[in-house]
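Content type compact mmCIF, C-alpha atoms, from the file my_file.txt:
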```txt
# COMPACT_ATOMS: atom_id res chain seq x y z
CA MET A 2 -18.41 75.76 194.04
CA SER A 3 -21.24 75.43 196.50
CA LEU A 4 -21.45 73.69 199.79
CA ARG A 5 -23.74 70.68 199.51
CA PRO A 6 -25.71 70.39 201.73
CA PRO A 7 -25.76 73.86 203.29
CA ILE A 8 -25.28 74.28 207.02
CA SER A 9 -28.14 72.83 209.04
CA ASP A 10 -28.87 71.89 212.62
CA LYS A 11 -27.29 68.52 211.89
CA ASP A 12 -23.92 70.29 211.79
CA HIS A 13 -21.61 71.05 214.70
CA ILE A 14 -21.68 74.84 214.93
CA GLU A 15 -19.40 76.93 217.11
CA GLY A 16 -20.00 80.63 217.64
CA ASN A 17 -23.15 82.58 216.90
CA VAL A 18 -25.63 80.35 215.03
CA ASN A 19 -27.24 83.49 213.62
CA ALA A 20 -24.00 85.07 212.45
CA PHE A 21 -23.93 86.22 208.84
CA ILE A 22 -20.39 85.02 208.18
CA GLU A 23 -20.19 81.24 207.94
CA LEU A 24 -16.91 79.36 207.87
CA VAL A 25 -17.00 75.62 207.19
CA GLU A 26 -13.92 73.43 207.38
CA TYR A 27 -13.68 69.90 205.99
CA GLY A 28 -10.87 68.35 207.97
CA ASP A 29 -8.97 65.22 208.94
CA TYR A 30 -7.76 64.95 212.54
CA GLN A 31 -4.53 63.28 211.50
CA CYS A 32 -3.69 65.66 208.67
CA PRO A 33 -0.76 67.93 209.54
CA TYR A 34 -2.16 70.76 207.41
CA CYS A 35 -5.39 70.67 209.38
CA GLY A 36 -3.23 70.74 212.49
CA ARG A 37 -1.60 73.88 211.17
CA ALA A 38 -4.98 75.41 210.32
CA TYR A 39 -6.37 74.75 213.80
CA PRO A 40 -4.78 77.76 215.58
CA ILE A 41 -5.46 79.93 212.52
CA VAL A 42 -9.18 79.18 212.73
CA LYS A 43 -9.10 79.81 216.48
CA GLY A 44 -7.52 83.19 215.77
CA ILE A 45 -10.23 84.08 213.27
CA GLN A 46 -12.91 83.04 215.75
CA GLU A 47 -11.35 85.21 218.41
CA ILE A 48 -11.20 88.28 216.17
CA LEU A 49 -14.64 87.95 214.60
CA GLY A 50 -16.39 86.87 217.80
CA ASN A 51 -20.17 86.69 217.41
CA LYS A 52 -19.95 87.80 213.76
CA LEU A 53 -18.86 84.28 212.84
CA LYS A 54 -20.28 80.77 212.92
CA PHE A 55 -17.80 77.97 212.43
CA VAL A 56 -18.69 74.46 211.31
CA PHE A 57 -16.39 71.46 211.17
CA ARG A 58 -17.22 68.52 208.90
CA ASN A 59 -15.26 65.27 208.79
CA PHE A 60 -13.13 64.40 205.79
CA PRO A 61 -10.88 61.58 206.94
CA LEU A 62 -8.29 60.29 204.48
CA THR A 63 -8.39 56.82 205.94
CA SER A 64 -5.88 55.13 203.64
CA ILE A 65 -3.03 57.41 204.61
CA HIS A 66 -4.23 58.45 208.09
CA PRO A 67 -5.13 55.28 210.00
CA HIS A 68 -6.40 57.11 213.10
CA ALA A 69 -8.43 59.74 211.29
CA MET A 70 -11.67 57.76 211.28
CA SER A 71 -11.53 56.78 214.96
CA ALA A 72 -10.76 60.37 215.88
CA ALA A 73 -13.76 61.58 213.89
CA ILE A 74 -16.01 58.96 215.48
CA ALA A 75 -14.68 59.89 218.93
CA THR A 76 -15.76 63.50 218.39
CA GLU A 77 -19.19 62.37 217.25
CA ALA A 78 -19.48 60.17 220.34
CA ALA A 79 -18.40 63.12 222.51
CA ALA A 80 -21.10 65.17 220.75
CA LEU A 81 -23.74 62.80 222.12
CA GLN A 82 -22.61 63.98 225.56
CA ASP A 83 -22.40 67.63 224.47
CA LYS A 84 -18.63 67.68 224.42
CA TYR A 85 -18.02 67.86 220.66
CA TRP A 86 -15.88 70.99 220.57
CA PRO A 87 -13.67 70.16 223.57
CA MET A 88 -12.93 66.79 221.97
CA HIS A 89 -12.30 68.36 218.55
CA ASP A 90 -9.92 70.85 220.13
CA ILE A 91 -7.97 68.45 222.28
CA ILE A 92 -7.33 66.06 219.41
CA PHE A 93 -5.86 68.85 217.27
CA GLU A 94 -3.85 70.17 220.17
CA HIS A 95 -2.17 66.78 220.59
CA GLN A 96 -2.08 65.56 217.02
CA ASN A 97 1.22 63.78 217.38
CA GLN A 98 -0.22 61.60 220.16
CA LEU A 99 -3.29 60.51 218.28
CA ASN A 100 -4.23 56.87 218.78
CA ARG A 101 -7.03 54.77 220.23
CA ASN A 102 -5.73 55.03 223.79
CA SER A 103 -5.35 58.78 223.75
CA LEU A 104 -8.93 59.15 222.49
CA LEU A 105 -10.14 57.22 225.53
CA LYS A 106 -7.94 59.35 227.76
CA TYR A 107 -9.39 62.55 226.31
CA ALA A 108 -12.89 61.22 226.95
CA LYS A 109 -11.92 60.61 230.58
CA ASP A 110 -10.37 64.09 230.80
CA GLN A 111 -13.61 65.58 229.51
CA GLU A 112 -15.44 63.64 232.23
CA LEU A 113 -17.56 61.79 229.74
CA ASP A 114 -19.50 58.72 230.77
CA ILE A 115 -16.85 56.28 229.63
CA ASN A 116 -19.15 53.29 229.42
CA GLN A 117 -21.52 55.20 227.19
CA PHE A 118 -18.61 56.59 225.15
CA SER A 119 -17.15 53.12 224.62
CA ILE A 120 -20.51 51.84 223.40
CA ASP A 121 -21.10 54.87 221.17
CA ILE A 122 -17.79 54.70 219.33
CA GLU A 123 -18.75 51.24 218.08
CA ARG A 124 -22.15 52.30 216.80
CA PRO A 125 -22.55 52.06 213.01
CA GLU A 126 -24.63 55.26 213.02
CA LEU A 127 -21.59 57.34 213.98
CA HIS A 128 -19.48 55.70 211.29
CA LYS A 129 -22.27 56.49 208.80
CA LYS A 130 -22.41 60.09 209.98
CA VAL A 131 -18.69 60.53 209.33
CA GLU A 132 -19.08 58.91 205.91
CA ALA A 133 -22.01 61.20 205.15
CA ASP A 134 -19.76 64.17 205.95
CA PHE A 135 -17.12 62.72 203.63
CA GLU A 136 -19.60 62.26 200.82
CA SER A 137 -20.94 65.79 201.28
CA GLY A 138 -17.35 66.94 200.95
CA ILE A 139 -16.91 65.11 197.66
CA ARG A 140 -20.17 66.58 196.31
CA SER A 141 -19.08 70.06 197.42
CA GLY A 142 -15.79 69.76 195.52
CA VAL A 143 -13.44 69.24 198.47
CA ASN A 144 -10.03 68.66 196.92
CA GLY A 145 -7.71 68.31 199.91
CA THR A 146 -7.61 68.86 203.63
CA PRO A 147 -8.31 71.32 205.01
CA THR A 148 -10.84 72.77 202.59
CA PHE A 149 -12.77 75.84 203.67
CA PHE A 150 -16.11 77.23 202.54
CA ILE A 151 -17.03 80.83 203.30
CA ASN A 152 -20.75 81.55 203.13
CA GLY A 153 -21.29 78.41 201.10
CA GLU A 154 -18.59 79.09 198.50
CA LYS A 155 -15.36 77.10 198.31
CA TYR A 156 -12.41 79.20 199.37
CA ASN A 157 -9.55 78.44 196.94
CA ASN A 158 -6.95 80.89 198.20
CA SER A 159 -4.37 80.49 200.95
CA TRP A 160 -5.63 79.79 204.45
CA GLU A 161 -2.18 80.29 205.96
CA GLU A 162 -1.22 83.15 208.25
CA GLU A 163 -3.63 86.07 207.96
CA ASP A 164 -4.72 85.31 204.42
CA MET A 165 -8.17 83.90 205.13
CA LEU A 166 -8.96 86.53 207.76
CA ASP A 167 -7.90 89.27 205.34
CA PHE A 168 -10.17 87.75 202.69
CA ILE A 169 -13.13 87.78 205.07
CA MET A 170 -12.40 91.34 206.23
CA THR A 171 -12.09 92.55 202.65
CA ASN A 172 -15.14 90.80 201.24
CA TYR A 173 -17.54 90.92 204.15
CA SER A 174 -16.71 94.30 205.71
CA PRO A 175 -20.33 95.59 205.71
CA SER A 176 -21.30 92.80 208.06
CA LEU A 177 -18.37 93.35 210.41
CA MET B 12 -9.66 68.88 174.93
CA LEU B 13 -11.16 66.01 172.97
CA SER B 14 -14.87 66.53 172.49
CA ILE B 15 -17.70 64.77 174.18
CA GLY B 16 -19.15 62.13 171.89
CA THR B 17 -15.85 61.12 170.34
CA LEU B 18 -14.27 57.74 170.74
CA ALA B 19 -11.55 57.81 173.39
CA PRO B 20 -8.24 57.06 171.65
CA ASP B 21 -6.88 53.69 172.67
CA PHE B 22 -3.44 53.42 174.24
CA SER B 23 -1.25 51.01 176.15
CA LEU B 24 1.00 52.15 179.00
CA TYR B 25 2.97 50.54 181.82
CA ALA B 26 1.08 50.39 185.11
CA THR B 27 3.79 48.45 186.90
CA PRO B 28 7.33 47.64 185.79
CA ASP B 29 6.15 44.47 184.05
CA GLN B 30 2.52 45.06 183.25
CA GLU B 31 0.99 47.19 180.53
CA ILE B 32 -2.61 48.27 180.57
CA ARG B 33 -4.62 48.94 177.42
CA LEU B 34 -7.61 51.26 177.58
CA LYS B 35 -9.67 48.94 175.37
CA GLU B 36 -9.48 46.22 178.06
CA PHE B 37 -11.91 48.25 180.11
CA ARG B 38 -14.83 48.15 177.66
CA GLY B 39 -17.98 47.33 179.56
CA LYS B 40 -16.95 49.62 182.42
CA LYS B 41 -16.98 53.35 182.69
CA ILE B 42 -13.50 54.85 182.90
CA ILE B 43 -12.33 57.93 184.71
CA LEU B 44 -9.04 59.11 183.17
CA ALA B 45 -7.29 61.45 185.58
CA PHE B 46 -4.31 63.19 183.99
CA TYR B 47 -2.10 64.91 186.55
CA PRO B 48 1.31 66.62 186.51
CA ALA B 49 3.44 64.53 188.87
CA ASP B 50 3.62 62.07 191.74
CA TRP B 51 4.97 63.21 195.11
CA SER B 52 3.49 66.67 195.44
CA PRO B 53 3.94 67.76 199.07
CA VAL B 54 0.32 67.68 200.20
CA CYS B 55 -1.23 64.80 202.11
CA GLY B 56 -4.54 65.28 200.39
CA ASP B 57 -3.13 65.33 196.89
CA GLN B 58 -5.43 64.52 194.03
CA MET B 59 -4.57 60.82 193.70
CA ALA B 60 -4.74 60.17 197.47
CA LEU B 61 -8.09 61.92 197.48
CA TYR B 62 -9.51 59.86 194.64
CA ASN B 63 -8.21 56.77 196.41
CA GLU B 64 -10.59 57.54 199.29
CA MET B 65 -13.46 57.95 196.86
CA LEU B 66 -13.11 54.71 194.92
CA LYS B 67 -16.19 53.07 196.37
CA TYR B 68 -18.31 55.96 195.11
CA PHE B 69 -16.89 55.46 191.62
CA HIS B 70 -17.33 51.68 191.77
CA LYS B 71 -20.99 52.15 192.65
CA HIS B 72 -21.38 53.46 189.10
CA ASN B 73 -19.41 50.63 187.54
CA ALA B 74 -16.53 53.03 186.93
CA GLU B 75 -12.81 52.37 187.20
CA LEU B 76 -10.26 55.09 187.89
CA ILE B 77 -6.94 55.35 186.04
CA GLY B 78 -4.29 57.97 186.86
CA ILE B 79 -1.83 59.08 184.17
CA SER B 80 1.29 61.24 184.50
CA VAL B 81 4.63 61.41 182.70
CA ASP B 82 6.40 59.79 185.67
CA GLY B 83 8.13 56.47 185.00
CA LYS B 84 6.77 53.12 186.13
CA TRP B 85 9.22 52.80 189.04
CA CYS B 86 8.23 56.23 190.37
CA HIS B 87 4.58 55.19 190.16
CA LEU B 88 5.35 51.95 191.98
CA SER B 89 6.91 53.84 194.85
CA PHE B 90 4.25 56.55 195.00
CA SER B 91 1.38 54.12 194.75
CA SER B 92 2.81 52.04 197.56
CA ASP B 93 3.39 55.05 199.78
CA ARG B 94 -0.14 56.41 199.31
CA LYS B 95 -1.68 52.91 199.38
CA LEU B 96 -3.45 53.53 196.11
CA HIS B 97 -5.95 50.95 194.90
CA PHE B 98 -6.13 51.95 191.26
CA PRO B 99 -3.54 51.90 188.47
CA LEU B 100 -1.17 54.76 187.71
CA LEU B 101 0.00 54.70 184.12
CA ALA B 102 3.42 55.89 183.00
CA ASP B 103 3.06 58.23 180.01
CA PHE B 104 6.83 58.13 179.91
CA GLU B 105 8.07 57.01 176.50
CA PRO B 106 7.42 58.77 174.20
CA LYS B 107 7.07 61.48 176.82
CA GLY B 108 3.52 62.67 177.24
CA ALA B 109 2.36 60.96 174.05
CA VAL B 110 -1.01 59.95 175.50
CA ALA B 111 -1.47 63.33 177.18
CA LYS B 112 -0.80 64.93 173.78
CA THR B 113 -3.36 62.66 172.11
CA TYR B 114 -5.88 63.76 174.70
CA GLU B 115 -4.80 67.40 174.25
CA VAL B 116 -3.81 67.88 177.88
CA TYR B 117 -0.02 68.08 177.64
CA ASN B 118 1.68 71.17 179.06
CA GLU B 119 4.59 71.93 176.71
CA ALA B 120 5.99 74.58 179.04
CA THR B 121 6.45 72.28 182.02
CA GLY B 122 6.83 68.94 180.24
CA GLU B 123 4.05 67.47 182.38
CA SER B 124 0.42 66.67 181.87
CA LYS B 125 -2.15 69.26 182.89
CA ARG B 126 -4.74 68.34 185.49
CA ALA B 127 -7.57 67.04 183.35
CA LEU B 128 -10.39 64.56 183.67
CA TYR B 129 -12.21 62.47 181.09
CA VAL B 130 -15.14 60.19 181.84
CA ILE B 131 -15.58 57.48 179.23
CA ASP B 132 -18.61 55.24 178.94
CA GLU B 133 -18.85 51.47 178.65
CA ASP B 134 -18.55 51.70 174.85
CA GLY B 135 -15.43 53.81 174.93
CA ILE B 136 -17.08 57.16 174.17
CA ILE B 137 -16.03 60.31 175.98
CA ARG B 138 -19.03 61.60 177.89
CA TRP B 139 -17.50 64.29 180.12
CA ASN B 140 -14.28 66.26 180.23
CA TYR B 141 -12.79 68.89 182.46
CA LEU B 142 -9.55 70.85 182.40
CA SER B 143 -8.60 72.21 185.79
CA PRO B 144 -7.19 75.74 186.13
CA VAL B 145 -3.45 75.70 186.86
CA GLY B 146 -2.66 74.85 190.47
CA ILE B 147 -6.20 73.80 191.34
CA ASN B 148 -7.13 70.27 192.31
CA PRO B 149 -10.44 69.54 190.60
CA GLY B 150 -11.99 67.34 193.29
CA ALA B 151 -14.45 64.62 192.34
CA ASP B 152 -17.84 66.32 192.34
CA GLY B 153 -17.79 66.81 188.56
CA ILE B 154 -16.91 63.14 188.09
CA LEU B 155 -19.76 61.94 190.30
CA ASP B 156 -22.24 64.29 188.65
CA ALA B 157 -21.16 62.97 185.24
CA LEU B 158 -21.42 59.33 186.32
CA GLU B 159 -24.88 59.91 187.75
CA GLU B 160 -26.01 61.68 184.62
CA MET B 161 -24.76 58.79 182.49
CA ASP B 162 -26.65 56.24 184.59
CA ARG B 163 -29.77 58.38 184.55
CA THR B 164 -29.64 58.69 180.77
CA LYS B 165 -29.21 54.94 180.41
CA GLU B 166 -32.39 54.32 182.38
CA ILE B 167 -34.40 56.57 180.12
CA ILE B 168 -33.29 54.92 176.90
```

Encoding of this model in structure tokens:
Amino acid sequence: MSLRPPISDKDHIEGNVNAFIELVEYGDYQCPYCGRAYPIVKGIQEILGNKLKFVFRNFPLTSIHPHAMSAAIATEAAALQDKYWPMHDIIFEHQNQLNRNSLLKYAKDQELDINQFSIDIERPELHKKVEADFESGIRSGVNGTPTFFINGEKYNNSWEEEDMLDFIMTNYSPSL
Amino acid sequence: MLSIGTLAPDFSLYATPDQEIRLKEFRGKKIILAFYPADWSPVCGDQMALYNEMLKYFHKHNAELIGISVDGKWCHLSFSSDRKLHFPLLADFEPKGAVAKTYEVYNEATGESKRALYVIDEDGIIRWNYLSPVGINPGADGILDALEEMDRTKEII
């Protein structure tokens, strides 16, 4: 099952943009499983270092996670001020405090221009960007959150514990 | 599974404790029949919750989504309310799995339906089917591809 569309410069990429190993996560900021995956991904990033590029794409389940969309939009607004990853991280690190007020607080903590941030989170373009991520997830066969793609292929095995790292080490050892 | 090109067998099942839904009522719309094993699986992005988020993409193609499992109508009521579902869940409860058996997607070993999808056109003909491997949530990309293909074919004719 292939990632549609493939990674491009429209994506938020962390790590080495030229790395051979690509890990994409479709996630929902209010999903507890994504919360559990967050430190696991961090661990993989730490071990693989510049051999890995990591991309996060939004897949908010808005009916059951009422704050998921505003969290996603907040990260996109932070991206406009070059603070995408800090915002992404802080939301996952405080998942149980996620609401509209905390998002504003995080923006302040990141020393974002709050006036600009407040304007940006209301912009329809950011909402559309999140929806475009969601639709790309559907087209790529995303069937739950989190869903991972490794080098463009959907990863259907366990992402818990060391399982995903082991998979990468086993299948991509020449490039490690 | 039932073959593409065949007429989808009609059936009538409870969607709520006092309302039955008949497949034939949906003529004129495309239908996505999503057979699944059970309500209340412990994943927040379970298949039905996922499809719930995708309804507007289905509606764009004049398609309605119907979920079917062997759970009873009261279980469906509870589950649907909890997940805030905006499409009907049908209770293939009595006789157990009868509709799933008609559609050749009943799992005799577990007494539940398999995860299977059928896309039916406006005239009631099956135009796409998919049986998911055990334990794998099929996602909706196959459904959308099928719906698009059906609309594309209609334009050509």

With a distance cut-off of 9 Å and all atoms listed in the file, select the neighbouring residues of segment 155-157 of chain B, excluding the residue or stretch itself and same-chain residues fewer than 6 positions from it, and output the selection as number ranges by chain. A: 139-140; B: 68-69, 72, 130, 138-139

Residues within 12 Å of (-5.8, 47.8, 196.1), file coordinates, counting only C-alpha atoms: what are they? Give the list as number ranges by chain. A: 64; B: 63-64, 66-67, 76, 91-92, 94-100

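For the pair atom CA of Pro6 of chain A and atom CA of Ser137 of chain A, the interatomic distance is 6.6 Å.
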
What residues in chain B have any atom no more than 6 Å from chain A when counting only C-alpha atoms, and can you write them as a PDB file with C-alpha atoms, in the frame of the given file?
```
ATOM      1  CA  GLY B  56      -4.540  65.280 200.390  1.00  0.00           C
ATOM      2  CA  ASN B 148      -7.130  70.270 192.310  1.00  0.00           C
ATOM      3  CA  GLY B 150     -11.990  67.340 193.290  1.00  0.00           C
ATOM      4  CA  ALA B 151     -14.450  64.620 192.340  1.00  0.00           C
ATOM      5  CA  ASP B 152     -17.840  66.320 192.340  1.00  0.00           C
TER       6      ASP B 152
END
```

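Closest approach to Glu163 of chain A among A:Gly44, A:Gly50, A:Gly28, A:Gly16 is made by A:Gly44 (distances from all atoms listed in the file).
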
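Of the residues under consideration (B:Asp82, B:Asp132, B:Glu31, B:Asp21), B:Asp82 shows the shortest atom-to-atom contact distance to Phe46 of chain B when counting all atoms listed in the file.
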
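Compared by their closest atoms to Ser14 of chain B, and using all atoms listed in the file, the residues B:Glu115, B:Ile154, B:Gln30, B:Lys35 rank with B:Glu115 nearest.
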
So the first atom is atom CA of Glu94 of chain A and the second is atom CA of Pro125 of chain A; what is the distance between them in Å, to one decimal place? 27.0 Å
